[in-house]
file data.txt (compact mmCIF, N, CA and C atoms)
# COMPACT_ATOMS: atom_id res chain seq x y z
N MET I 211 0.82 -1.19 0.00
CA MET I 211 0.00 0.00 0.00
C MET I 211 0.86 1.25 0.00
N ALA I 212 1.56 1.44 -1.03
CA ALA I 212 2.42 2.60 -1.12
C ALA I 212 1.73 3.74 -1.84
N GLY I 213 0.51 3.53 -2.23
CA GLY I 213 -0.22 4.55 -2.98
C GLY I 213 -0.83 5.62 -2.08
N PRO I 214 -1.70 6.40 -2.65
CA PRO I 214 -2.32 7.50 -1.89
C PRO I 214 -3.22 6.99 -0.75
N PHE I 215 -3.76 5.80 -0.87
CA PHE I 215 -4.61 5.28 0.20
C PHE I 215 -3.81 4.88 1.43
N GLY I 216 -2.57 4.51 1.23
CA GLY I 216 -1.71 4.16 2.36
C GLY I 216 -1.45 5.36 3.27
N THR I 217 -1.18 6.51 2.67
CA THR I 217 -0.97 7.71 3.48
C THR I 217 -2.28 8.19 4.09
N LEU I 218 -3.38 7.99 3.39
CA LEU I 218 -4.69 8.37 3.91
C LEU I 218 -5.05 7.53 5.13
N ILE I 219 -4.76 6.24 5.06
CA ILE I 219 -5.03 5.35 6.19
C ILE I 219 -4.18 5.75 7.39
N PHE I 220 -3.02 6.30 7.17
CA PHE I 220 -2.17 6.76 8.27
C PHE I 220 -2.70 8.06 8.88
N PHE I 221 -3.15 9.00 8.06
CA PHE I 221 -3.55 10.32 8.56
C PHE I 221 -4.94 10.35 9.20
N VAL I 222 -5.84 9.47 8.81
CA VAL I 222 -7.18 9.47 9.40
C VAL I 222 -7.13 9.18 10.90
N PRO I 223 -6.42 8.16 11.38
CA PRO I 223 -6.34 7.96 12.84
C PRO I 223 -5.63 9.12 13.57
N VAL I 224 -4.66 9.74 12.91
CA VAL I 224 -3.96 10.86 13.53
C VAL I 224 -4.92 12.04 13.70
N ILE I 225 -5.74 12.29 12.70
CA ILE I 225 -6.72 13.38 12.79
C ILE I 225 -7.75 13.08 13.88
N ILE I 226 -8.21 11.84 13.95
CA ILE I 226 -9.15 11.46 15.01
C ILE I 226 -8.51 11.60 16.37
N LEU I 227 -7.26 11.22 16.50
CA LEU I 227 -6.54 11.36 17.77
C LEU I 227 -6.41 12.83 18.16
N PHE I 228 -6.08 13.69 17.21
CA PHE I 228 -6.00 15.13 17.49
C PHE I 228 -7.34 15.68 17.96
N TYR I 229 -8.42 15.20 17.35
CA TYR I 229 -9.74 15.69 17.75
C TYR I 229 -10.03 15.34 19.22
N PHE I 230 -9.81 14.09 19.59
CA PHE I 230 -10.13 13.67 20.95
C PHE I 230 -9.13 14.14 22.00
N MET I 231 -7.90 14.41 21.60
CA MET I 231 -6.88 14.82 22.57
C MET I 231 -6.74 16.34 22.69
N LEU I 232 -7.04 17.09 21.64
CA LEU I 232 -6.82 18.53 21.66
C LEU I 232 -8.09 19.35 21.47
N ILE I 233 -8.82 19.09 20.43
CA ILE I 233 -9.94 19.95 20.07
C ILE I 233 -11.11 19.78 21.02
N ARG I 234 -11.51 18.55 21.29
CA ARG I 234 -12.68 18.31 22.14
C ARG I 234 -12.50 18.82 23.57
N PRO I 235 -11.37 18.58 24.26
CA PRO I 235 -11.20 19.14 25.60
C PRO I 235 -11.19 20.67 25.60
N GLN I 236 -10.65 21.28 24.56
CA GLN I 236 -10.64 22.74 24.49
C GLN I 236 -12.06 23.28 24.34
N GLN I 237 -12.88 22.60 23.55
CA GLN I 237 -14.27 23.02 23.39
C GLN I 237 -15.04 22.88 24.69
N LYS I 238 -14.77 21.81 25.45
CA LYS I 238 -15.45 21.62 26.74
C LYS I 238 -15.03 22.70 27.73
N ALA I 239 -13.75 23.05 27.75
CA ALA I 239 -13.27 24.10 28.65
C ALA I 239 -13.87 25.45 28.25
N MET I 240 -13.97 25.72 26.97
CA MET I 240 -14.54 26.97 26.50
C MET I 240 -16.03 27.06 26.88
N LYS I 241 -16.74 25.96 26.75
CA LYS I 241 -18.16 25.93 27.11
C LYS I 241 -18.34 26.15 28.61
N ALA I 242 -17.46 25.55 29.43
CA ALA I 242 -17.53 25.74 30.88
C ALA I 242 -17.24 27.20 31.26
N HIS I 243 -16.28 27.82 30.59
CA HIS I 243 -15.95 29.22 30.86
C HIS I 243 -17.10 30.14 30.46
N GLN I 244 -17.75 29.85 29.35
CA GLN I 244 -18.89 30.66 28.92
C GLN I 244 -20.03 30.53 29.92
N ALA I 245 -20.25 29.35 30.48
CA ALA I 245 -21.29 29.17 31.49
C ALA I 245 -20.93 29.92 32.77
N LEU I 246 -19.64 29.92 33.12
CA LEU I 246 -19.18 30.65 34.30
C LEU I 246 -19.43 32.14 34.14
N VAL I 247 -19.10 32.68 32.98
CA VAL I 247 -19.28 34.10 32.72
C VAL I 247 -20.76 34.45 32.63
N ALA I 248 -21.56 33.58 32.05
CA ALA I 248 -23.00 33.85 31.93
C ALA I 248 -23.68 33.83 33.29
N GLY I 249 -23.17 33.04 34.23
CA GLY I 249 -23.77 32.95 35.56
C GLY I 249 -23.24 33.97 36.54
N LEU I 250 -22.45 34.91 36.08
CA LEU I 250 -21.86 35.92 36.95
C LEU I 250 -22.94 36.85 37.48
N LYS I 251 -22.89 37.13 38.78
CA LYS I 251 -23.88 38.05 39.36
C LYS I 251 -23.24 38.90 40.44
N ARG I 252 -23.99 39.90 40.86
CA ARG I 252 -23.50 40.85 41.85
C ARG I 252 -23.19 40.15 43.15
N GLY I 253 -22.04 40.47 43.73
CA GLY I 253 -21.63 39.89 45.00
C GLY I 253 -20.65 38.74 44.86
N ASP I 254 -20.45 38.23 43.64
CA ASP I 254 -19.50 37.14 43.44
C ASP I 254 -18.08 37.64 43.61
N THR I 255 -17.23 36.83 44.22
CA THR I 255 -15.81 37.12 44.31
C THR I 255 -15.13 36.44 43.14
N VAL I 256 -14.40 37.23 42.33
CA VAL I 256 -13.84 36.70 41.10
C VAL I 256 -12.32 36.91 41.04
N VAL I 257 -11.67 36.06 40.25
CA VAL I 257 -10.25 36.21 39.94
C VAL I 257 -10.17 36.56 38.47
N MET I 258 -9.44 37.64 38.17
CA MET I 258 -9.30 38.07 36.78
C MET I 258 -8.04 37.48 36.17
N SER I 259 -7.92 37.59 34.86
CA SER I 259 -6.79 36.98 34.16
C SER I 259 -5.45 37.58 34.55
N ASN I 260 -5.44 38.79 35.10
CA ASN I 260 -4.17 39.40 35.52
C ASN I 260 -3.84 39.07 36.97
N GLY I 261 -4.69 38.28 37.63
CA GLY I 261 -4.41 37.85 38.99
C GLY I 261 -5.10 38.65 40.07
N MET I 262 -5.75 39.75 39.71
CA MET I 262 -6.45 40.55 40.71
C MET I 262 -7.72 39.85 41.16
N ILE I 263 -8.01 40.00 42.44
CA ILE I 263 -9.22 39.42 43.02
C ILE I 263 -10.12 40.57 43.42
N GLY I 264 -11.40 40.45 43.10
CA GLY I 264 -12.33 41.51 43.44
C GLY I 264 -13.73 40.99 43.60
N LYS I 265 -14.62 41.89 43.94
CA LYS I 265 -16.02 41.56 44.16
C LYS I 265 -16.86 42.27 43.10
N VAL I 266 -17.73 41.53 42.44
CA VAL I 266 -18.56 42.08 41.38
C VAL I 266 -19.62 42.99 41.99
N THR I 267 -19.68 44.23 41.50
CA THR I 267 -20.67 45.17 42.00
C THR I 267 -21.77 45.44 40.98
N ARG I 268 -21.50 45.21 39.70
CA ARG I 268 -22.50 45.42 38.66
C ARG I 268 -22.16 44.54 37.47
N VAL I 269 -23.19 43.98 36.84
CA VAL I 269 -22.99 43.13 35.67
C VAL I 269 -23.79 43.70 34.51
N GLU I 270 -23.12 43.86 33.37
CA GLU I 270 -23.75 44.34 32.16
C GLU I 270 -23.63 43.26 31.10
N ASN I 271 -23.92 43.60 29.84
CA ASN I 271 -23.90 42.60 28.77
C ASN I 271 -22.52 41.95 28.62
N ASP I 272 -21.52 42.74 28.28
CA ASP I 272 -20.19 42.21 28.03
C ASP I 272 -19.18 42.61 29.09
N GLU I 273 -19.58 43.45 30.02
CA GLU I 273 -18.65 43.97 31.02
C GLU I 273 -19.21 43.77 32.42
N ALA I 274 -18.31 43.82 33.39
CA ALA I 274 -18.69 43.76 34.79
C ALA I 274 -17.89 44.81 35.55
N MET I 275 -18.50 45.39 36.56
CA MET I 275 -17.81 46.34 37.43
C MET I 275 -17.33 45.54 38.64
N VAL I 276 -16.02 45.59 38.87
CA VAL I 276 -15.41 44.80 39.95
C VAL I 276 -14.74 45.74 40.93
N GLU I 277 -15.02 45.57 42.21
CA GLU I 277 -14.40 46.36 43.26
C GLU I 277 -13.14 45.62 43.71
N ILE I 278 -11.96 46.22 43.43
CA ILE I 278 -10.70 45.57 43.77
C ILE I 278 -10.13 46.07 45.09
N ALA I 279 -10.61 47.20 45.56
CA ALA I 279 -10.27 47.74 46.88
C ALA I 279 -11.47 48.57 47.30
N GLN I 280 -11.51 48.92 48.56
CA GLN I 280 -12.65 49.68 49.04
C GLN I 280 -12.74 51.02 48.31
N GLY I 281 -13.82 51.20 47.58
CA GLY I 281 -14.03 52.44 46.83
C GLY I 281 -13.35 52.48 45.48
N VAL I 282 -12.66 51.41 45.07
CA VAL I 282 -11.97 51.38 43.77
C VAL I 282 -12.67 50.35 42.89
N ASN I 283 -13.43 50.84 41.91
CA ASN I 283 -14.15 49.97 40.98
C ASN I 283 -13.50 50.06 39.60
N VAL I 284 -13.37 48.91 38.95
CA VAL I 284 -12.83 48.87 37.60
C VAL I 284 -13.83 48.13 36.70
N ARG I 285 -13.90 48.59 35.45
CA ARG I 285 -14.72 47.89 34.46
C ARG I 285 -13.87 46.81 33.83
N VAL I 286 -14.41 45.61 33.76
CA VAL I 286 -13.67 44.46 33.25
C VAL I 286 -14.52 43.78 32.18
N VAL I 287 -13.88 43.37 31.10
CA VAL I 287 -14.56 42.56 30.10
C VAL I 287 -14.80 41.19 30.73
N LYS I 288 -16.01 40.69 30.63
CA LYS I 288 -16.37 39.45 31.31
C LYS I 288 -15.49 38.26 30.91
N ALA I 289 -15.02 38.24 29.69
CA ALA I 289 -14.21 37.13 29.22
C ALA I 289 -12.87 37.05 29.96
N MET I 290 -12.45 38.14 30.59
CA MET I 290 -11.18 38.15 31.32
C MET I 290 -11.32 37.63 32.75
N ILE I 291 -12.51 37.25 33.15
CA ILE I 291 -12.71 36.65 34.47
C ILE I 291 -12.45 35.16 34.33
N THR I 292 -11.47 34.67 35.09
CA THR I 292 -11.06 33.28 34.94
C THR I 292 -11.66 32.34 35.98
N GLN I 293 -12.05 32.88 37.12
CA GLN I 293 -12.51 32.00 38.20
C GLN I 293 -13.49 32.76 39.08
N VAL I 294 -14.50 32.06 39.57
CA VAL I 294 -15.43 32.63 40.55
C VAL I 294 -15.15 31.89 41.85
N ARG I 295 -14.67 32.62 42.86
CA ARG I 295 -14.29 32.00 44.13
C ARG I 295 -15.49 31.78 45.04
N ASP I 296 -16.24 32.83 45.29
CA ASP I 296 -17.40 32.74 46.17
C ASP I 296 -18.60 33.25 45.42
N ARG I 297 -19.61 32.44 45.39
CA ARG I 297 -20.84 32.87 44.73
C ARG I 297 -21.75 33.52 45.76
N THR I 298 -21.77 34.84 45.77
CA THR I 298 -22.60 35.69 46.61
C THR I 298 -22.57 35.32 48.08
N ALA I 299 -21.43 34.91 48.58
CA ALA I 299 -21.28 34.68 50.01
C ALA I 299 -20.95 36.01 50.67
N VAL I 300 -21.34 36.16 51.88
CA VAL I 300 -21.06 37.40 52.60
C VAL I 300 -19.58 37.41 52.96
N ALA I 301 -18.90 38.47 52.61
CA ALA I 301 -17.48 38.59 52.92
C ALA I 301 -17.30 38.77 54.42
N ALA I 302 -16.14 38.40 54.93
CA ALA I 302 -15.89 38.45 56.37
C ALA I 302 -15.99 39.87 56.91
N ASN I 303 -15.49 40.84 56.16
CA ASN I 303 -15.54 42.22 56.65
C ASN I 303 -16.88 42.90 56.38
N ASP I 304 -17.74 42.26 55.58
CA ASP I 304 -19.05 42.83 55.30
C ASP I 304 -20.14 42.27 56.21
N ALA I 305 -19.78 41.27 57.00
CA ALA I 305 -20.79 40.63 57.84
C ALA I 305 -21.26 41.58 58.93
N LYS I 306 -22.53 41.64 59.10
CA LYS I 306 -23.10 42.49 60.14
C LYS I 306 -23.29 41.64 61.39
N PRO I 307 -22.94 42.19 62.54
CA PRO I 307 -23.13 41.41 63.75
C PRO I 307 -24.62 41.14 63.99
N VAL I 308 -24.88 39.94 64.39
CA VAL I 308 -26.26 39.55 64.65
C VAL I 308 -26.52 39.72 66.13
N ALA I 309 -27.56 40.45 66.46
CA ALA I 309 -27.91 40.68 67.86
C ALA I 309 -28.44 39.38 68.45
N ALA I 310 -28.05 39.12 69.67
CA ALA I 310 -28.52 37.92 70.35
C ALA I 310 -30.01 38.04 70.60
N LYS I 311 -30.72 36.98 70.31
CA LYS I 311 -32.15 37.00 70.50
C LYS I 311 -32.45 36.75 71.98
N THR I 312 -33.31 37.57 72.52
CA THR I 312 -33.72 37.38 73.90
C THR I 312 -35.11 36.76 73.89
N PRO I 313 -35.35 35.88 74.81
CA PRO I 313 -36.68 35.26 74.82
C PRO I 313 -37.75 36.30 75.09
N ALA I 314 -38.83 36.15 74.42
CA ALA I 314 -39.94 37.10 74.59
C ALA I 314 -40.52 36.97 75.99
N LYS I 315 -40.79 38.10 76.61
CA LYS I 315 -41.37 38.09 77.94
C LYS I 315 -42.87 37.86 77.82
N THR I 316 -43.34 37.00 78.62
CA THR I 316 -44.77 36.75 78.63
C THR I 316 -45.36 37.35 79.88
N THR I 317 -46.40 38.01 79.72
CA THR I 317 -47.09 38.60 80.88
C THR I 317 -48.38 37.84 81.09
N ALA I 318 -48.58 37.45 82.29
CA ALA I 318 -49.79 36.71 82.65
C ALA I 318 -50.86 37.69 83.06
N LYS I 319 -51.98 37.55 82.45
CA LYS I 319 -53.11 38.41 82.82
C LYS I 319 -53.92 37.71 83.87
N SER I 320 -54.29 38.43 84.88
CA SER I 320 -55.08 37.82 85.93
C SER I 320 -56.53 38.21 85.86
call {"tool": "encode", "arguments": {"input": "data.txt", "output": "structure tokens"}}
result
Amino acid sequence: MAGPFGTLIFFVPVIILFYFMLIRPQQKAMKAHQALVAGLKRGDTVVMSNGMIGKVTRVENDEAMVEIAQGVNVRVVKAMITQVRDRTAVAANDAKPVAAKTPAKTTAKS
């Protein structure tokens, strides 16, 4: 099989191998990232592609406003968000102290 079919028989398995080893996992990762970006909402703690960590304060179509320090908001393209750390969990410094509940006093009527 030294003809053109011999080389074709060699390249078909190589192309199939490339699809399952390279193309398909990349498509799955891209789909997972698109779902992550689509599910982004206010209050999420995110990691951006440059390594900065911030809290989402506003979400628009293609952009999100991220607070990277107290009072410092930056507009970020949603595609540059690589990871969502906390999904709308209350941050430690934002937690409001909860007042201890006291049992209700009952008054007996005579």
call {"tool": "atom_distance", "arguments": {"input": "data.txt", "atom1": "atom C of Met262 in chain I", "atom2": "CA of Ile278 in chain I"}}
result
7.0 Å
call {"tool": "atom_distance", "arguments": {"input": "data.txt", "atom1": "CA of Thr292 in chain I", "atom2": "atom N of Tyr229 in chain I"}}
result
25.4 Å
call {"tool": "atom_distance", "arguments": {"input": "data.txt", "atom1": "CA of Leu250 in chain I", "atom2": "CA of Gly264 in chain I"}}
result
12.8 Å
call {"tool": "residues_around", "arguments": {"input": "data.txt", "residues": "Arg252 in chain I", "least_positions_apart": "3", "cutoff": "6.5 Å", "atoms": "all atoms listed in the file", "output": "list in words"}}
result
Val266, Thr267, Arg268, Val269 and Thr298 of chain I
call {"tool": "residues_around", "arguments": {"input": "data.txt", "residues": "Arg295 in chain I", "least_positions_apart": "3", "cutoff": "6 Å", "atoms": "all atoms listed in the file", "output": "mmCIF file with N, CA and C atoms, in the coordinates of the input"}}
result
data_model
loop_
_atom_site.group_PDB
_atom_site.id
_atom_site.type_symbol
_atom_site.label_atom_id
_atom_site.label_comp_id
_atom_site.auth_asym_id
_atom_site.auth_seq_id
_atom_site.Cartn_x
_atom_site.Cartn_y
_atom_site.Cartn_z
ATOM 1 N N THR I 255 -17.230 36.830 44.220
ATOM 2 C CA THR I 255 -15.810 37.120 44.310
ATOM 3 C C THR I 255 -15.130 36.440 43.140
ATOM 4 N N VAL I 256 -14.400 37.230 42.330
ATOM 5 C CA VAL I 256 -13.840 36.700 41.100
ATOM 6 C C VAL I 256 -12.320 36.910 41.040
ATOM 7 N N VAL I 257 -11.670 36.060 40.250
ATOM 8 C CA VAL I 257 -10.250 36.210 39.940
ATOM 9 C C VAL I 257 -10.170 36.560 38.470
#
call {"tool": "closest_residue", "arguments": {"input": "data.txt", "among": "I:Val286, I:Gly216, I:Ser259, I:Val294", "to": "Leu246 in chain I", "atoms": "only N, CA and C atoms"}}
result
I:Val294
call {"tool": "select_by_dssp", "arguments": {"input": "data.txt", "residues": "range 239-290 of chain I", "states": "strand (DSSP E)", "output": "list in words"}}
result
Thr255, Val256, Val257, Met258, Ile263, Gly264, Lys265, Val266, Thr267, Arg268, Val269, Glu273, Ala274, Met275, Val276, Glu277, Ile278, Ala279, Val282, Asn283, Val284, Arg285, Val286 and Val287 of chain I
call {"tool": "residues_around", "arguments": {"input": "data.txt", "residues": "Ala248 in chain I", "least_positions_apart": "6", "cutoff": "12 Å", "atoms": "only C-alpha atoms", "output": "VMD selection string"}}
result
chain I and resid 241 to 242 269 to 274 288 to 289 291 294
call {"tool": "write_last_selection", "arguments": {"input": "data.txt", "atoms": "N, CA and C atoms", "output": "compact mmCIF listing (two decimals), keeping the file's coordinate frame"}}
result
# COMPACT_ATOMS: atom_id res chain seq x y z
N LYS I 241 -16.74 25.96 26.75
CA LYS I 241 -18.16 25.93 27.11
C LYS I 241 -18.34 26.15 28.61
N ALA I 242 -17.46 25.55 29.43
CA ALA I 242 -17.53 25.74 30.88
C ALA I 242 -17.24 27.20 31.26
N VAL I 269 -23.19 43.98 36.84
CA VAL I 269 -22.99 43.13 35.67
C VAL I 269 -23.79 43.70 34.51
N GLU I 270 -23.12 43.86 33.37
CA GLU I 270 -23.75 44.34 32.16
C GLU I 270 -23.63 43.26 31.10
N ASN I 271 -23.92 43.60 29.84
CA ASN I 271 -23.90 42.60 28.77
C ASN I 271 -22.52 41.95 28.62
N ASP I 272 -21.52 42.74 28.28
CA ASP I 272 -20.19 42.21 28.03
C ASP I 272 -19.18 42.61 29.09
N GLU I 273 -19.58 43.45 30.02
CA GLU I 273 -18.65 43.97 31.02
C GLU I 273 -19.21 43.77 32.42
N ALA I 274 -18.31 43.82 33.39
CA ALA I 274 -18.69 43.76 34.79
C ALA I 274 -17.89 44.81 35.55
N LYS I 288 -16.01 40.69 30.63
CA LYS I 288 -16.37 39.45 31.31
C LYS I 288 -15.49 38.26 30.91
N ALA I 289 -15.02 38.24 29.69
CA ALA I 289 -14.21 37.13 29.22
C ALA I 289 -12.87 37.05 29.96
N ILE I 291 -12.51 37.25 33.15
CA ILE I 291 -12.71 36.65 34.47
C ILE I 291 -12.45 35.16 34.33
N VAL I 294 -14.50 32.06 39.57
CA VAL I 294 -15.43 32.63 40.55
C VAL I 294 -15.15 31.89 41.85
